[in-house]
Amino acid sequence: MIKKIFFQSIFFNFFFLKEVFAAESGGMPQLNPEFWISQIFWLTLTFGILYIVLSKLILPKISANLELRKSQIQDNIEAAEKQRKDSESKLKEYDNIIFKSKLEAKNIFKDSREKVIKDINNKKENLENQINEEIKKAEQEIEVVKKSAPEKINKIAIEASSELVKKLIGAEINNSSISAIVDDLSKKNGDKYYGN
Amino acid sequence: MAANPMTQFEVYRIGPEIKIGTFDISFTNASLFMVISSLAILIIFNLGSKKNSILPNKIQLLAELSYSFVSKMISDTAGSKAKPYFSFIFSLFMFVLFCNMFGMIPYTFTVTSHIIVTFVLASFIFIGVTVIGFIKHGFGYLKLFVPSGVPVILLPLIVVIEIISYLSRPISLSVRLFANMMAGHTMMKVFGGFVISLGIVGGWLPLSFSVALTGLEILVAFLQAYVFAILTCIYLNDALNLHH
């Protein structure tokens, strides 16, 4: 039912529209020349004023604004670029300084190390020399003592044996004969008594 | 019932009849909307150019975007020689655009839907471009009608065609804008009439059409203003850089 009404209304509407167009008389108002002069006059007036005001007052201002902004932005970009370059060169300088100081520190470290090693070596050598000398001295002393030892022992042996003979026999024996015997004995058994 | 879709284009007098000699130059509804459009343009662009801040506010951004839009359009189509005509093309584009757009508001009058208005604009452009062409190139401007690289046999025909196409420029330019605006507004009115006559039952379909058409018409309003301005640029290009 509703569908029928809907389609009917659409269908009849076209008839109705035809009536509307038929009722219209005179066609397009655009082709009615009654107000053409008025329209031309007002168009010239308004458009003329619009053109003059826009071209003399407003557009130069907008153009100037745009130029100013452009140049300002350009200036800012240039300044930023300059600052970037500056900071880059500073960074390079800084890097250089760090590099140099590192090198210097390394050198200093190396030098001082070498110095210390040298010092230690010198001292070591000195000490070794001293020790060697002292050892030599001591060896010489030992040698001297070693050499003098059999004579002393022989003397003691001679004295002791002469005493013993006196006490045992009651007679005095010539020291020279005793020393001959002792010498003979010590030569025979020297190795036994004094090591080496 | 549904009103005549053409009544919206009727011009009527507002206020008293003004006459200069035999010419009737009374203030009409068409004049009113010309004045409104011009004033709107002047107010918006005056506000947009008043303050100059590095970060533009909305209205300044609008003005500057329009400026660079038109400027780019001119330099793309007519080259750098067309710079002195920038303000004219800018005013022309803005005037047509604002008249078209004001016409989209219900119960307003569309200035550009009248053939006489568009024809005056177009013939002014045509005469201006022709004068510029003759000033720049002297009689060499007539070379525009003789394209290079055309066989001699075809030349008379081509020259005739070129002359006709050149002379029909103001007509095509004016009729394009006028017909687009009139057709769009008429169609919207007709669909609006359907909504009323079909009532609550069947009116939804034409209503949705009407809504869609409104969007389309706003697009057409912008597009026709753009086409009007860009064709002016192209004609200007012919006059300034003769390379036919």
# chains A, B, ... in the order shown; residues from 1 in each chain; ligands from 1
call {"tool": "interface_residues", "arguments": {"of": "chain A", "to": "chain B", "cutoff": "8 Å", "atoms": "only C-alpha atoms", "output": "number ranges by chain"}}
result
A: 6, 9-10, 13, 20-21, 24, 27-31, 35-43, 46-47, 50-51, 53-55, 58-59, 61-63, 65-66, 69
call {"tool": "residues_around", "arguments": {"residues": "Ile181 of chain A", "least_positions_apart": "2", "cutoff": "12 Å", "atoms": "only C-alpha atoms", "output": "ChimeraX atom specification"}}
result
/A:154-155,157-158,161-162,174-179,183-188
call {"tool": "select_by_dssp", "arguments": {"residues": "segment 15-125 of chain B", "states": "strand (DSSP E)", "output": "list in words"}}
result
Lys19, Ile20, Phe23 and Asp24 of chain B
call {"tool": "residues_around", "arguments": {"residues": "Leu167 of chain B", "least_positions_apart": "6", "cutoff": "12 Å", "atoms": "only C-alpha atoms", "output": "ChimeraX atom specification"}}
result
/B:122-123,126-127,129-130,145,160-161,173,235
call {"tool": "write_last_selection", "arguments": {"atoms": "C-alpha atoms", "output": "CSV table (one decimal), in the first residue's frame"}}
result
chain,number,residue,atom,x,y,z
B,122,ALA,CA,35.0,37.8,-19.6
B,123,SER,CA,34.8,40.6,-22.2
B,126,PHE,CA,39.3,39.4,-23.5
B,127,ILE,CA,39.7,43.1,-24.4
B,129,VAL,CA,44.4,40.4,-23.0
B,130,THR,CA,44.1,41.5,-26.7
B,145,PHE,CA,46.4,32.7,-35.5
B,160,VAL,CA,39.8,30.7,-39.6
B,161,ILE,CA,39.4,28.2,-36.9
B,173,LEU,CA,34.4,31.9,-20.5
B,235,TYR,CA,44.9,33.8,-22.2
call {"tool": "atom_distance", "arguments": {"atom1": "atom CA of Val182 of chain A", "atom2": "atom CA of Lys146 of chain A"}}
result
18.1 Å
call {"tool": "atom_distance", "arguments": {"atom1": "atom CA of Pro206 of chain B", "atom2": "atom CA of Met187 of chain B"}}
result
10.8 Å
